[in-house]
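Since the structure comes first, as structure tokens, the remarks are kept for the end.
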Amino acid sequence: MGRKSCFVAVAVCVLSVALGSVLWWRNSSRVVKAGSSDTPSYAANGDMRPPADYREWVYLSTGIDMSYSPNAMQMDHSSFDNVFVNPAAYRSFLATGTWPDKTVMVLEVRGAKKKGSINQRGQFQDTAVNGIEVHVKDEGRFPGEWAFFEFDSMQKDGTLIPDKAPCYTCHQAHGAVDTTFVQFYPTLLPLAKEKKTLSASYLKDEESAAAK
């Protein structure tokens with residue numbers, strides 16, 4: 001093989017390696033994107049895989065000692081309810097005022113503490129997580145589109161809460177948007193009003209509350 005032919009062969013080889021690197025990078029990027037935990041995942045028995053990175057999702061709100069029952073007992077301790085939603089669903093809500101399929105909302109319960117460090121008044125959240133509940137929209141999987149799962153920890157799969165449980169009827173009867181409690185999410189409620197996606201049941205609840 002002549003010197004010129006060697007140069008051509010080397011050039012072709014370098015070009016092939018470069019092209020292969022580009023294709024590998026593009027395919028790797030696609031694999032990473034496809035493996036995103038932004039969507040719900042289930043075990044073979046129907047349990048839900050834990051959304052382990054939910055604290056990197058979009059934070060919606062925190063409630064303290066909330067109860068929807070007028071006869072709720074006064075507890076001797078307080079708790080915080082933190083709500084997070086997967087980013088893809090949040091972006092869709094900003095555009096439409098409602099939730100898309102594959103929305104995942106995580107309710108994280110933490111205890112309240114009064115004594116610690118330099119705190120002299122009020123309460124702050126404990127480091128321990130006392131409970132996790134997930135509200136997921138999966139239209140092809142659940143007859144009512146939405147379902148609730150309960151998690152003992154983020155190291156175990158979550159179990160499906162039966163659709164006859166009170167949480168389903170409460171959300172259907174009082175949820176501000178698509179059976180979800182957007183009325184308690186201060187950054188999303190004005191948007192839902194603007195998009196006119198508030199439910200008739202929520203608007204009726206608001207009228208009743210204003211009349212009292």
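Residues in the structure tokens are named by chain (A, B, ... in the order shown) and by number from 1 within that chain; ligands are numbered from 1 in the order shown.
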
Exercise for the section: Would you kindly return, as a list of chain:residue names, each protein, DNA or RNA residue with an atom no farther than 10 Å from any atom of Asn82 (chain A), considering only C-alpha atoms and excluding same-chain residues fewer than 5 positions away? Expected result: A:Arg55, A:Tyr59, A:Leu60, A:Ser61, A:Thr62, A:Gly63, A:Ile64, A:Val106, A:Leu107, A:Glu108, A:Val109, A:Arg110, A:Ile132

Exercise for the section: DSSP on the backbone, then: every residue of region 74-182 of chain A marked strand (DSSP E or B), written as a PyMOL selection string. Expected result: chain A and resi 79-85+104-113+124-137+146-151+158-160+177+180

Write the residues you've just listed into a file as a short mmCIF file (atom, residue, chain, number, x, y, z; two decimals), in the first residue's frame, and include C-alpha atoms for each of them.
```cif
data_model
loop_
_atom_site.label_atom_id
_atom_site.label_comp_id
_atom_site.auth_asym_id
_atom_site.auth_seq_id
_atom_site.Cartn_x
_atom_site.Cartn_y
_atom_site.Cartn_z
CA SER A 79 -47.41 17.38 61.31
CA PHE A 80 -46.47 18.95 57.98
CA ASP A 81 -47.78 17.71 54.61
CA ASN A 82 -45.41 18.54 51.75
CA VAL A 83 -46.62 18.09 48.16
CA PHE A 84 -44.41 17.56 45.09
CA VAL A 85 -45.31 16.89 41.43
CA VAL A 104 -47.47 11.85 39.79
CA MET A 105 -48.10 13.81 43.00
CA VAL A 106 -46.28 12.88 46.21
CA LEU A 107 -47.61 13.77 49.66
CA GLU A 108 -44.81 13.59 52.24
CA VAL A 109 -45.72 13.70 55.95
CA ARG A 110 -43.19 14.94 58.50
CA GLY A 111 -43.56 15.59 62.20
CA ALA A 112 -43.31 19.08 63.69
CA LYS A 113 -40.72 20.08 66.29
CA PHE A 124 -40.17 23.33 62.06
CA GLN A 125 -40.10 20.03 60.21
CA ASP A 126 -38.49 16.92 61.60
CA THR A 127 -35.95 14.96 59.56
CA ALA A 128 -37.96 11.73 59.82
CA VAL A 129 -40.60 10.99 57.17
CA ASN A 130 -43.74 9.61 58.83
CA GLY A 131 -45.63 8.69 55.70
CA ILE A 132 -45.73 8.86 51.90
CA GLU A 133 -48.81 8.82 49.69
CA VAL A 134 -48.85 9.08 45.90
CA HIS A 135 -51.72 10.31 43.73
CA VAL A 136 -51.12 9.17 40.15
CA LYS A 137 -53.02 9.73 36.91
CA TRP A 146 -56.53 8.45 39.11
CA ALA A 147 -55.32 6.15 41.91
CA PHE A 148 -53.74 6.41 45.34
CA PHE A 149 -50.77 4.41 46.58
CA GLU A 150 -49.46 4.18 50.13
CA PHE A 151 -45.75 3.74 50.90
CA GLY A 158 -46.28 1.20 47.38
CA THR A 159 -49.60 -0.63 47.69
CA LEU A 160 -52.73 0.46 45.86
CA VAL A 177 -59.00 20.69 39.20
CA THR A 180 -56.89 17.25 42.82
#
```

Practice task
Could you give me, as a PyMOL selection string, each residue of region 65-204 of chain A that DSSP assigns to helix (DSSP H, G or I) when run on this structure's backbone?
Solution key: chain A and resi 87-96+166-174+182-184+189-195+200-204

Convert the current residue selection to file output with N, CA and C atoms, as a compact mmCIF listing (two decimals), in the first residue's frame.
```txt
# COMPACT_ATOMS: atom_id res chain seq x y z
N PRO A 87 -42.00 17.10 37.18
CA PRO A 87 -41.83 18.32 36.38
C PRO A 87 -42.60 18.35 35.08
N ALA A 88 -42.70 17.21 34.38
CA ALA A 88 -43.42 17.19 33.10
C ALA A 88 -44.89 17.56 33.30
N ALA A 89 -45.49 17.03 34.35
CA ALA A 89 -46.89 17.34 34.64
C ALA A 89 -47.05 18.82 35.02
N TYR A 90 -46.11 19.33 35.78
CA TYR A 90 -46.16 20.73 36.19
C TYR A 90 -46.10 21.66 34.97
N ARG A 91 -45.19 21.38 34.05
CA ARG A 91 -45.08 22.21 32.85
C ARG A 91 -46.36 22.17 32.03
N SER A 92 -46.98 20.99 31.96
CA SER A 92 -48.23 20.86 31.23
C SER A 92 -49.34 21.66 31.91
N PHE A 93 -49.37 21.64 33.25
CA PHE A 93 -50.38 22.40 33.97
C PHE A 93 -50.22 23.90 33.72
N LEU A 94 -48.99 24.37 33.69
CA LEU A 94 -48.76 25.79 33.41
C LEU A 94 -49.32 26.20 32.06
N ALA A 95 -49.30 25.26 31.11
CA ALA A 95 -49.77 25.57 29.76
C ALA A 95 -51.28 25.41 29.60
N THR A 96 -51.87 24.47 30.34
CA THR A 96 -53.27 24.12 30.10
C THR A 96 -54.20 24.38 31.28
N PRO A 166 -62.32 6.43 51.20
CA PRO A 166 -62.87 7.80 51.26
C PRO A 166 -62.06 8.83 50.48
N CYS A 167 -60.76 8.61 50.34
CA CYS A 167 -59.94 9.61 49.65
C CYS A 167 -60.38 9.80 48.20
N TYR A 168 -60.88 8.75 47.56
CA TYR A 168 -61.33 8.86 46.17
C TYR A 168 -62.58 9.74 46.08
N THR A 169 -63.59 9.42 46.89
CA THR A 169 -64.84 10.19 46.82
C THR A 169 -64.64 11.63 47.26
N CYS A 170 -63.75 11.86 48.22
CA CYS A 170 -63.48 13.22 48.69
C CYS A 170 -62.84 14.05 47.59
N HIS A 171 -61.85 13.48 46.91
CA HIS A 171 -61.18 14.21 45.83
C HIS A 171 -62.13 14.46 44.66
N GLN A 172 -62.97 13.47 44.35
CA GLN A 172 -63.92 13.64 43.26
C GLN A 172 -64.96 14.71 43.57
N ALA A 173 -65.34 14.79 44.84
CA ALA A 173 -66.40 15.73 45.23
C ALA A 173 -65.90 17.14 45.49
N HIS A 174 -64.62 17.29 45.81
CA HIS A 174 -64.14 18.61 46.25
C HIS A 174 -62.87 19.10 45.56
N VAL A 182 -56.05 21.49 44.03
CA VAL A 182 -55.32 22.68 43.57
C VAL A 182 -55.68 23.89 44.42
N GLN A 183 -56.85 23.87 45.08
CA GLN A 183 -57.24 25.00 45.93
C GLN A 183 -56.24 25.26 47.06
N PHE A 184 -55.40 24.25 47.37
CA PHE A 184 -54.41 24.41 48.43
C PHE A 184 -53.00 24.64 47.88
N LEU A 189 -53.52 27.82 41.87
CA LEU A 189 -54.93 28.21 41.91
C LEU A 189 -55.23 29.42 41.03
N PRO A 190 -54.44 30.50 41.08
CA PRO A 190 -54.72 31.64 40.19
C PRO A 190 -54.65 31.25 38.71
N LEU A 191 -53.74 30.33 38.39
CA LEU A 191 -53.60 29.90 37.00
C LEU A 191 -54.84 29.13 36.55
N ALA A 192 -55.36 28.26 37.44
CA ALA A 192 -56.57 27.51 37.11
C ALA A 192 -57.76 28.44 36.93
N LYS A 193 -57.82 29.50 37.73
CA LYS A 193 -58.89 30.49 37.56
C LYS A 193 -58.76 31.18 36.20
N GLU A 194 -57.55 31.53 35.86
CA GLU A 194 -57.31 32.20 34.57
C GLU A 194 -57.65 31.30 33.40
N LYS A 195 -57.32 30.02 33.49
CA LYS A 195 -57.59 29.06 32.41
C LYS A 195 -59.02 28.54 32.44
N ALA A 200 -66.87 22.50 38.92
CA ALA A 200 -68.13 23.06 39.41
C ALA A 200 -68.32 22.77 40.89
N SER A 201 -67.86 21.60 41.33
CA SER A 201 -67.99 21.24 42.75
C SER A 201 -67.15 22.16 43.63
N TYR A 202 -65.95 22.50 43.18
CA TYR A 202 -65.12 23.42 43.96
C TYR A 202 -65.75 24.81 44.03
N LEU A 203 -66.25 25.30 42.91
CA LEU A 203 -66.89 26.62 42.88
C LEU A 203 -68.11 26.65 43.80
N LYS A 204 -68.82 25.53 43.87
CA LYS A 204 -69.97 25.44 44.77
C LYS A 204 -69.51 25.48 46.23
```

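You can rank A:Asp101, A:Lys196, A:Arg49, A:Lys164 by their closest distance to Gly140 (chain A) using only C-alpha atoms, and at the top of that list sits A:Asp101.
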
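Proximity ranking of A:Thr103, A:Asn86, A:Asn45, A:Gln120 relative to Glu145 (chain A) places A:Thr103 first, based on only C-alpha atoms.
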
Completion exercise
Here CA of Gly97 (chain A) and CA of Thr197 (chain A) stand apart by 6.0 Å

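Our summary of the geometry notes that CA of Asp152 (chain A) is positioned 18.0 Å from CA of Ala165 (chain A).
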
Exercise for the section: Using only C-alpha atoms, pick whichever of A:Met48, A:Ser117, A:Phe181, A:Pro186 has the shortest atom-to-atom distance to Tyr68 (chain A). Expected result: A:Phe181
